[in-house]
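File shown here: work.csv, holding CSV, C-alpha atoms.
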```
chain,number,residue,atom,x,y,z
A,1,MET,CA,19.4,-11.5,34.7
A,2,THR,CA,18.1,-12.2,38.2
A,3,ASP,CA,15.5,-14.9,38.8
A,4,SER,CA,12.8,-12.2,39.4
A,5,ASP,CA,13.7,-10.5,36.1
A,6,GLN,CA,13.4,-13.9,34.4
A,7,MET,CA,10.0,-14.5,35.9
A,8,SER,CA,8.8,-11.0,34.7
A,9,MET,CA,10.0,-11.8,31.2
A,10,ASN,CA,8.4,-15.2,31.3
A,11,ALA,CA,5.1,-13.6,32.2
A,12,LEU,CA,5.2,-11.6,28.9
A,13,MET,CA,5.4,-14.8,26.8
A,14,ILE,CA,2.5,-15.3,24.4
A,15,THR,CA,1.0,-18.8,24.5
A,16,GLN,CA,-1.5,-20.7,22.5
A,17,GLU,CA,-4.2,-19.4,24.9
A,18,THR,CA,-3.3,-15.7,24.4
A,19,PRO,CA,-6.5,-14.2,22.9
A,20,VAL,CA,-7.0,-12.0,19.8
A,21,GLY,CA,-7.0,-8.4,21.0
A,22,TYR,CA,-4.2,-8.9,23.5
A,23,ALA,CA,-1.9,-5.9,23.7
A,24,LEU,CA,1.9,-6.4,23.9
A,25,GLN,CA,3.8,-4.5,26.5
A,26,PRO,CA,5.3,-1.4,24.9
A,27,ILE,CA,9.0,-0.4,25.1
A,28,ARG,CA,10.1,3.2,25.0
A,29,LYS,CA,13.3,4.8,23.6
A,30,LYS,CA,14.5,8.3,23.0
A,31,ALA,CA,15.8,9.1,19.5
A,32,ALA,CA,19.3,10.3,20.7
A,33,ILE,CA,21.5,11.9,18.1
A,34,GLN,CA,24.5,10.3,19.7
A,35,LEU,CA,23.1,6.8,18.9
A,36,MET,CA,21.5,7.8,15.5
A,37,GLY,CA,24.9,9.1,14.3
A,38,SER,CA,27.0,6.2,15.5
A,39,ARG,CA,29.3,4.7,12.9
A,40,LEU,CA,27.3,1.4,12.5
A,41,TRP,CA,24.1,3.3,12.0
A,42,GLY,CA,23.7,6.8,10.5
A,43,ARG,CA,27.2,8.3,10.5
A,44,PHE,CA,27.4,8.0,6.6
A,45,ASN,CA,24.6,10.6,6.3
A,46,PRO,CA,24.6,13.8,8.3
A,47,ASN,CA,20.8,14.0,8.0
A,48,HIS,CA,20.8,11.4,10.7
A,49,TRP,CA,22.8,13.3,13.3
A,50,ASP,CA,23.8,16.9,12.4
A,51,PRO,CA,21.1,19.6,13.2
A,52,GLU,CA,22.6,22.2,10.8
A,53,TYR,CA,22.9,19.8,7.9
A,54,ALA,CA,19.4,18.5,8.5
A,55,ALA,CA,18.0,22.1,8.6
A,56,ALA,CA,19.8,22.9,5.3
A,57,THR,CA,18.0,20.0,3.7
A,58,GLY,CA,14.6,21.1,5.0
A,59,LEU,CA,14.3,18.8,8.0
A,60,LYS,CA,13.1,20.1,11.4
A,61,ALA,CA,15.8,18.0,13.0
A,62,PRO,CA,18.0,15.0,12.2
A,63,ILE,CA,16.0,11.9,11.4
A,64,GLN,CA,16.5,8.4,12.7
A,65,THR,CA,17.1,5.6,10.2
A,66,GLY,CA,13.9,3.6,9.9
A,67,GLU,CA,15.7,0.4,10.8
A,68,MET,CA,16.1,1.7,14.4
A,69,SER,CA,12.3,1.7,14.9
A,70,SER,CA,12.2,-1.7,13.2
A,71,ALA,CA,14.7,-2.9,15.8
A,72,TYR,CA,12.6,-1.4,18.6
A,73,LEU,CA,9.6,-3.4,17.3
A,74,ALA,CA,11.6,-6.5,17.0
A,75,GLU,CA,12.8,-6.2,20.6
A,76,MET,CA,9.2,-6.0,21.7
A,77,CYS,CA,8.3,-9.1,19.7
A,78,VAL,CA,11.2,-11.0,21.2
A,79,ASN,CA,10.0,-10.1,24.6
A,80,HIS,CA,6.7,-11.7,23.9
A,81,PHE,CA,7.5,-14.5,21.5
A,82,GLY,CA,11.0,-15.4,22.5
A,83,ALA,CA,12.9,-17.9,20.3
A,84,ALA,CA,9.9,-18.2,17.9
A,85,VAL,CA,10.9,-14.8,16.4
A,86,PHE,CA,14.1,-16.4,15.0
A,87,ALA,CA,12.4,-19.4,13.3
A,88,GLY,CA,10.0,-18.7,10.6
A,89,ALA,CA,8.7,-15.3,11.7
A,90,ARG,CA,7.7,-12.5,9.3
A,91,ILE,CA,8.2,-8.8,10.2
A,92,VAL,CA,6.7,-6.2,7.9
A,93,CYS,CA,7.3,-2.5,8.5
A,94,LYS,CA,6.4,0.7,6.6
A,95,TYR,CA,8.0,4.0,7.6
A,96,VAL,CA,5.1,6.4,7.4
A,97,ALA,CA,6.8,9.4,9.1
A,98,ALA,CA,10.3,10.4,10.1
A,99,THR,CA,11.4,10.0,13.7
A,100,LEU,CA,13.1,13.3,14.7
A,101,ALA,CA,16.0,13.6,17.1
A,102,GLY,CA,14.8,14.1,20.6
A,103,GLU,CA,11.4,12.4,20.2
A,104,VAL,CA,10.5,9.6,22.5
A,105,ILE,CA,9.3,6.6,20.6
A,106,THR,CA,6.9,4.0,22.0
A,107,THR,CA,6.2,0.6,20.5
A,108,HIS,CA,2.8,-1.0,20.4
A,109,GLY,CA,1.4,-4.4,19.3
A,110,VAL,CA,-2.1,-6.0,19.3
A,111,VAL,CA,-2.9,-9.6,18.4
A,112,ARG,CA,-5.1,-9.3,15.3
A,113,GLU,CA,-5.5,-13.0,14.4
A,114,LYS,CA,-4.6,-16.5,15.3
A,115,ILE,CA,-4.4,-18.9,12.4
A,116,ALA,CA,-4.5,-22.6,13.3
A,117,LYS,CA,-1.2,-24.2,12.2
A,118,GLY,CA,0.1,-27.7,13.2
A,119,ASP,CA,-0.4,-28.2,16.9
A,120,GLY,CA,-0.6,-24.4,17.6
A,121,TYR,CA,-1.2,-21.1,15.9
A,122,ARG,CA,0.4,-18.6,13.7
A,123,PHE,CA,-0.2,-15.3,15.5
A,124,VAL,CA,-0.6,-12.2,13.4
A,125,VAL,CA,0.1,-9.0,15.4
A,126,ASP,CA,-0.4,-5.4,14.3
A,127,ILE,CA,2.6,-3.4,15.4
A,128,TRP,CA,3.5,0.3,15.3
A,129,CYS,CA,5.6,3.0,16.8
A,130,ASP,CA,4.5,6.5,17.8
A,131,ASN,CA,5.8,9.6,19.4
A,132,GLU,CA,4.6,11.4,22.6
A,133,ALA,CA,1.8,13.0,20.6
A,134,GLY,CA,0.6,9.7,19.3
A,135,GLU,CA,1.8,10.4,15.8
A,136,LYS,CA,2.6,7.1,14.1
A,137,LYS,CA,6.1,6.7,12.6
A,138,THR,CA,6.2,3.0,11.7
A,139,VAL,CA,3.4,0.6,11.1
A,140,GLY,CA,3.2,-3.0,10.1
A,141,TRP,CA,2.6,-6.5,11.4
A,142,VAL,CA,4.4,-9.6,12.5
A,143,GLU,CA,3.6,-13.3,12.1
A,144,VAL,CA,5.0,-15.8,14.6
A,145,ASP,CA,4.3,-19.5,15.2
A,146,VAL,CA,3.4,-20.5,18.7
A,147,GLY,CA,3.2,-24.1,19.7
A,148,VAL,CA,3.4,-25.3,16.1
B,1,MET,CA,1.5,18.0,18.7
B,2,SER,CA,5.0,17.2,17.5
B,3,VAL,CA,8.1,18.6,19.1
B,4,GLU,CA,9.8,21.5,17.5
B,5,ILE,CA,13.6,21.0,17.6
B,6,THR,CA,15.0,23.1,14.7
B,7,GLN,CA,18.8,23.1,14.9
B,8,ASP,CA,18.6,22.4,18.6
B,9,ARG,CA,22.3,22.2,19.6
B,10,SER,CA,21.3,21.0,23.0
B,11,LEU,CA,20.7,17.6,21.4
B,12,SER,CA,24.3,17.5,20.3
B,13,PRO,CA,26.5,19.9,22.3
B,14,THR,CA,29.9,20.6,20.7
B,15,SER,CA,32.9,22.8,21.4
B,16,PRO,CA,34.4,24.9,18.6
B,17,VAL,CA,37.0,22.2,17.9
B,18,GLN,CA,34.3,19.5,17.6
B,19,ALA,CA,32.1,21.8,15.4
B,20,ALA,CA,35.1,22.4,13.0
B,21,GLN,CA,35.8,18.6,12.9
B,22,THR,CA,32.1,18.0,12.2
B,23,ARG,CA,32.0,20.5,9.3
B,24,ALA,CA,35.2,18.9,7.9
B,25,PHE,CA,33.8,15.5,8.1
B,26,ILE,CA,30.6,16.5,6.4
B,27,LYS,CA,32.5,18.3,3.6
B,28,SER,CA,34.5,15.0,3.1
B,29,LEU,CA,31.2,13.3,2.3
B,30,GLU,CA,30.4,15.7,-0.5
B,31,GLN,CA,30.7,14.0,-3.9
B,32,GLU,CA,28.9,13.9,-7.2
B,33,CYS,CA,26.3,11.2,-7.2
B,34,GLN,CA,23.3,10.0,-9.2
B,35,THR,CA,19.8,9.5,-7.9
B,36,TYR,CA,19.2,6.0,-6.7
B,37,TRP,CA,16.6,5.7,-9.5
B,38,ASP,CA,19.3,6.3,-12.1
B,39,MET,CA,21.9,4.1,-10.3
B,40,VAL,CA,19.8,0.9,-10.5
B,41,GLU,CA,18.5,-1.2,-13.3
B,42,ILE,CA,16.0,-4.0,-12.8
B,43,GLY,CA,17.9,-7.2,-12.6
B,44,ASP,CA,21.0,-5.6,-11.0
B,45,GLU,CA,22.4,-8.1,-8.4
B,46,LEU,CA,25.0,-7.2,-5.8
B,47,SER,CA,26.4,-9.4,-3.0
B,48,ARG,CA,28.8,-9.0,-0.1
B,49,ASP,CA,29.9,-11.1,2.8
B,50,LEU,CA,29.7,-10.0,6.4
B,51,HIS,CA,31.3,-11.7,9.4
B,52,MET,CA,29.0,-11.7,12.5
B,53,THR,CA,31.7,-10.8,15.0
B,54,PRO,CA,30.7,-10.3,18.7
B,55,GLU,CA,31.8,-6.7,18.6
B,56,LEU,CA,29.7,-5.9,15.5
B,57,ILE,CA,26.6,-7.3,17.2
B,58,ILE,CA,27.3,-5.3,20.3
B,59,LEU,CA,27.7,-2.1,18.3
B,60,TYR,CA,24.3,-2.7,16.6
B,61,ALA,CA,22.4,-3.7,19.7
B,62,ASP,CA,23.8,-0.9,22.0
B,63,ALA,CA,22.7,1.8,19.5
B,64,VAL,CA,19.1,0.6,19.8
B,65,GLU,CA,19.5,0.0,23.5
B,66,ASP,CA,18.6,-3.7,23.1
B,67,PHE,CA,20.4,-5.4,26.0
B,68,ASN,CA,19.0,-8.9,25.5
B,69,PRO,CA,21.8,-11.3,26.8
B,70,TRP,CA,21.1,-13.7,23.9
B,71,TYR,CA,23.1,-11.2,21.7
B,72,GLU,CA,26.2,-11.1,24.0
B,73,ALA,CA,29.2,-12.9,22.8
B,74,TRP,CA,31.3,-10.1,24.2
B,75,ARG,CA,31.1,-8.8,27.7
B,76,MET,CA,33.1,-6.1,29.4
B,77,ASN,CA,36.0,-7.4,31.4
B,78,THR,CA,35.5,-11.0,30.2
B,79,TRP,CA,35.5,-10.0,26.5
B,80,GLN,CA,34.8,-12.9,24.1
B,81,ILE,CA,32.4,-15.5,25.5
B,82,SER,CA,30.3,-18.2,23.8
B,83,GLY,CA,27.1,-16.6,25.2
B,84,GLU,CA,23.8,-18.3,25.7
B,85,SER,CA,20.5,-18.3,23.9
B,86,PRO,CA,17.7,-20.9,23.3
B,87,PHE,CA,19.7,-22.0,20.3
B,88,GLY,CA,22.9,-22.7,22.3
B,89,GLY,CA,25.5,-19.9,21.9
B,90,ALA,CA,24.8,-16.2,21.3
B,91,ILE,CA,22.7,-15.2,18.3
B,92,VAL,CA,22.3,-12.2,16.1
B,93,PRO,CA,19.2,-9.9,16.7
B,94,PRO,CA,16.4,-10.7,14.3
B,95,LEU,CA,16.6,-7.7,12.0
B,96,LEU,CA,20.4,-7.0,12.2
B,97,VAL,CA,21.1,-8.3,8.7
B,98,SER,CA,18.2,-6.2,7.3
B,99,HIS,CA,20.1,-3.1,8.6
B,100,PHE,CA,23.2,-4.1,6.5
B,101,VAL,CA,21.3,-4.6,3.3
B,102,LEU,CA,21.7,-0.9,2.6
B,103,SER,CA,25.4,-1.4,2.4
B,104,VAL,CA,24.9,-4.0,-0.3
B,105,GLN,CA,22.0,-2.6,-2.4
B,106,PHE,CA,23.8,0.8,-2.7
B,107,ASP,CA,26.9,-0.2,-4.7
B,108,HIS,CA,29.6,0.7,-2.2
B,109,THR,CA,32.1,1.3,-5.0
B,110,LYS,CA,30.1,4.3,-6.1
B,111,PRO,CA,29.1,7.6,-4.4
B,112,PHE,CA,26.2,7.1,-2.0
B,113,ALA,CA,22.9,8.5,-3.4
B,114,ILE,CA,21.9,10.9,-0.6
B,115,GLY,CA,18.2,11.8,-0.8
B,116,SER,CA,17.1,8.2,-0.9
B,117,ILE,CA,14.9,6.9,1.9
B,118,HIS,CA,14.2,3.4,3.0
B,119,THR,CA,10.4,3.2,3.2
B,120,PHE,CA,9.4,-0.5,3.6
B,121,HIS,CA,10.6,-4.0,4.4
B,122,ASP,CA,8.8,-7.3,4.4
B,123,SER,CA,11.3,-9.6,6.2
B,124,GLU,CA,11.3,-13.4,6.9
B,125,VAL,CA,13.5,-14.5,9.8
B,126,ILE,CA,13.9,-18.1,8.7
B,127,LYS,CA,16.6,-19.4,11.0
B,128,PRO,CA,18.7,-17.9,13.8
B,129,ILE,CA,22.2,-16.7,12.8
B,130,MET,CA,24.8,-17.7,15.4
B,131,ILE,CA,27.4,-15.1,16.2
B,132,GLY,CA,30.7,-16.1,14.5
B,133,ALA,CA,28.9,-17.0,11.2
B,134,THR,CA,29.8,-15.3,8.0
B,135,VAL,CA,26.8,-14.5,5.9
B,136,ARG,CA,26.3,-13.5,2.3
B,137,ILE,CA,23.8,-10.7,1.7
B,138,THR,CA,22.6,-10.7,-1.9
B,139,THR,CA,20.3,-8.0,-3.3
B,140,ARG,CA,18.5,-8.1,-6.7
B,141,ALA,CA,16.6,-5.1,-8.1
B,142,ILE,CA,13.2,-6.5,-9.0
B,143,ASP,CA,11.1,-3.4,-9.7
B,144,LYS,CA,11.1,0.3,-10.3
B,145,TYR,CA,7.8,2.0,-9.9
B,146,GLU,CA,6.1,5.3,-9.4
B,147,LYS,CA,3.3,5.8,-6.9
B,148,ARG,CA,1.6,9.2,-6.1
B,149,GLY,CA,4.3,11.0,-8.0
B,150,ARG,CA,7.2,9.3,-6.1
B,151,ARG,CA,9.8,6.9,-7.4
B,152,TYR,CA,10.6,3.7,-5.7
B,153,VAL,CA,13.1,0.9,-6.3
B,154,ARG,CA,12.2,-2.5,-5.0
B,155,HIS,CA,14.8,-5.2,-4.1
B,156,ALA,CA,14.6,-8.9,-3.2
B,157,VAL,CA,17.2,-9.9,-0.6
B,158,THR,CA,18.6,-13.2,0.6
B,159,VAL,CA,21.0,-13.8,3.5
B,160,THR,CA,22.8,-17.2,3.4
B,161,ASP,CA,25.6,-18.9,5.3
B,162,VAL,CA,28.9,-18.6,3.3
B,163,ALA,CA,30.1,-22.0,4.6
B,164,ASP,CA,27.1,-24.2,4.0
B,165,GLY,CA,24.5,-22.2,2.1
B,166,THR,CA,21.9,-22.2,4.9
B,167,LEU,CA,19.1,-19.7,4.1
B,168,TYR,CA,18.7,-17.5,7.1
B,169,PHE,CA,16.7,-14.5,6.0
B,170,ARG,CA,14.7,-13.2,3.1
B,171,GLU,CA,13.4,-9.7,2.5
B,172,THR,CA,11.6,-7.4,0.0
B,173,ARG,CA,12.3,-3.8,0.6
B,174,ASP,CA,11.6,-0.4,-1.1
B,175,ILE,CA,13.8,2.7,-1.4
B,176,LEU,CA,12.2,6.0,-2.2
B,177,SER,CA,14.4,7.9,-4.7
B,178,LEU,CA,14.7,11.5,-5.6
```
Represent the structure from my file as structure tokens, please.
Amino acid sequence: MTDSDQMSMNALMITQETPVGYALQPIRKKAAIQLMGSRLWGRFNPNHWDPEYAAATGLKAPIQTGEMSSAYLAEMCVNHFGAAVFAGARIVCKYVAATLAGEVITTHGVVREKIAKGDGYRFVVDIWCDNEAGEKKTVGWVEVDVGV
Amino acid sequence: MSVEITQDRSLSPTSPVQAAQTRAFIKSLEQECQTYWDMVEIGDELSRDLHMTPELIILYADAVEDFNPWYEAWRMNTWQISGESPFGGAIVPPLLVSHFVLSVQFDHTKPFAIGSIHTFHDSEVIKPIMIGATVRITTRAIDKYEKRGRRYVRHAVTVTDVADGTLYFRETRDILSL
């Protein structure tokens, strides 16, 4: 990572002064069959990568495993909270609709609440993923300590 | 408006040889299986150990296109490296172990219950897991319930260090069963 890249990342970091209502910077990923069906992810179930099999089971297209969208959301949170995500954070996700192969998924997050804790705050952030049409796929929230 | 992609082979182009190999692989997966609802009894506990190798972490992170250098204890040309993170060496992505819970809560000695869908997780990332650690993932079925005509199985999960018992991660998760 270059110094300028590092400075850009540092600018994303949430601090004790970050206000309620602050919107996290989204990240965007394409639900690519070649990744959805990789051995470590969905290879065990053809619904995750084979269009014909998925169609035979009534799906419009192969569907991503929900954990992939959880990973996207976690990446966004690490961008903003850094090391704090690995020490006492809570990540809650509900998969409300299937992500179809080919869709472009965007993550979102908005600070809902700051709860005083120790010398800092426990931030509560609403998070979700949606597709190009704004249809929500995964919804939830995270709790992360900042300056505690 | 959602994208219509029914059987769009352009998403996964194949030659006749690849198509035949794919069909053969899918056929190999066919086996008699129970529904997840019927496979699990409340109180069932399963546990498996997983070594957090650098290559495993790379395979996970690459598939979700997460290229954070904190997760790199393997780099092309150099290969194994200690890596760097705020915790010293390279660490495991926060929800990686959650992904592997599936391989524990579905008894891997039995046929996989296709038709089951992971619908929810409530995860606590308690401490960072350093790459190189071996963790024990333990799942316990704590509830089976029906909601709006659908059947769910709920598990409580812990992830601990095999060497010293450190609690890294805790989770509650639901599987929707046929």
Rows by chain and residue number, region 115-177 of chain B within 12 Å of region 129-139 of chain A, shortest pair, only C-alpha atoms, as a tab-separated table:
```
residue	atom	partner	partner_atom	distance
B:His118	CA	A:Thr138	CA	11.8
B:Thr119	CA	A:Thr138	CA	9.5
B:Phe120	CA	A:Thr138	CA	9.4
B:His121	CA	A:Val139	CA	10.9
B:Asp122	CA	A:Val139	CA	11.7
```
Counting all atoms listed in the file, the option among B:His51, B:Ser28, B:Pro128, B:Ser116 closest to Ser85 (chain B):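 Nearest candidate to Ser85 (chain B) out of B:His51, B:Ser28, B:Pro128, B:Ser116: B:Pro128.
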May I ask you to extract the residues of chain A within 7 Å of chain B, using only C-alpha atoms, and to give them as a compact mmCIF listing (two decimals) with C-alpha atoms, keeping the file's coordinate frame?
```txt
# COMPACT_ATOMS: atom_id res chain seq x y z
CA ILE A 33 21.50 11.90 18.10
CA LEU A 35 23.10 6.80 18.90
CA LEU A 40 27.30 1.40 12.50
CA PRO A 46 24.60 13.80 8.30
CA PRO A 51 21.10 19.60 13.20
CA GLU A 52 22.60 22.20 10.80
CA ALA A 55 18.00 22.10 8.60
CA LYS A 60 13.10 20.10 11.40
CA ALA A 61 15.80 18.00 13.00
CA GLY A 66 13.90 3.60 9.90
CA GLU A 67 15.70 0.40 10.80
CA MET A 68 16.10 1.70 14.40
CA ALA A 71 14.70 -2.90 15.80
CA TYR A 72 12.60 -1.40 18.60
CA ALA A 74 11.60 -6.50 17.00
CA GLU A 75 12.80 -6.20 20.60
CA ALA A 83 12.90 -17.90 20.30
CA PHE A 86 14.10 -16.40 15.00
CA ALA A 87 12.40 -19.40 13.30
CA GLY A 88 10.00 -18.70 10.60
CA ALA A 89 8.70 -15.30 11.70
CA ARG A 90 7.70 -12.50 9.30
CA ILE A 91 8.20 -8.80 10.20
CA VAL A 92 6.70 -6.20 7.90
CA CYS A 93 7.30 -2.50 8.50
CA LYS A 94 6.40 0.70 6.60
CA TYR A 95 8.00 4.00 7.60
CA GLY A 102 14.80 14.10 20.60
CA ALA A 133 1.80 13.00 20.60
```
Which of these, A:Gly58, A:Gly140, A:Gly120, A:Gly109, has the shortest distance to Gln25 (chain A) once you count all atoms listed in the file?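 Ranking A:Gly58, A:Gly140, A:Gly120, A:Gly109 by distance to Gln25 (chain A), first place goes to A:Gly109.
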Work out how far apart CA of Ala141 (chain B) and CA of Thr65 (chain A) are and give it in Å to one decimal.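 Rounded to one decimal, the two atoms are 21.2 Å apart.
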What is the CA of Glu41 (chain B)-CA of Val153 (chain B) distance in Å, reported with one decimal?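 Separating CA of Glu41 (chain B) from CA of Val153 (chain B) is a distance of 9.1 Å.
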Could you pull the residues within 12 Å of Met76 (chain B), counting all atoms listed in the file, minus those fewer than 4 positions along the same chain, as a PDB file with C-alpha atoms, keeping the file's coordinate frame?
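Below is the file that was written, out00.pdb:
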```
ATOM      1  CA  PRO B  54      30.700 -10.300  18.700  1.00  0.00           C
ATOM      2  CA  GLU B  55      31.800  -6.700  18.600  1.00  0.00           C
ATOM      3  CA  ILE B  58      27.300  -5.300  20.300  1.00  0.00           C
ATOM      4  CA  GLU B  72      26.200 -11.100  24.000  1.00  0.00           C
ATOM      5  CA  GLN B  80      34.800 -12.900  24.100  1.00  0.00           C
ATOM      6  CA  ILE B  81      32.400 -15.500  25.500  1.00  0.00           C
TER       7      ILE B  81
END
```
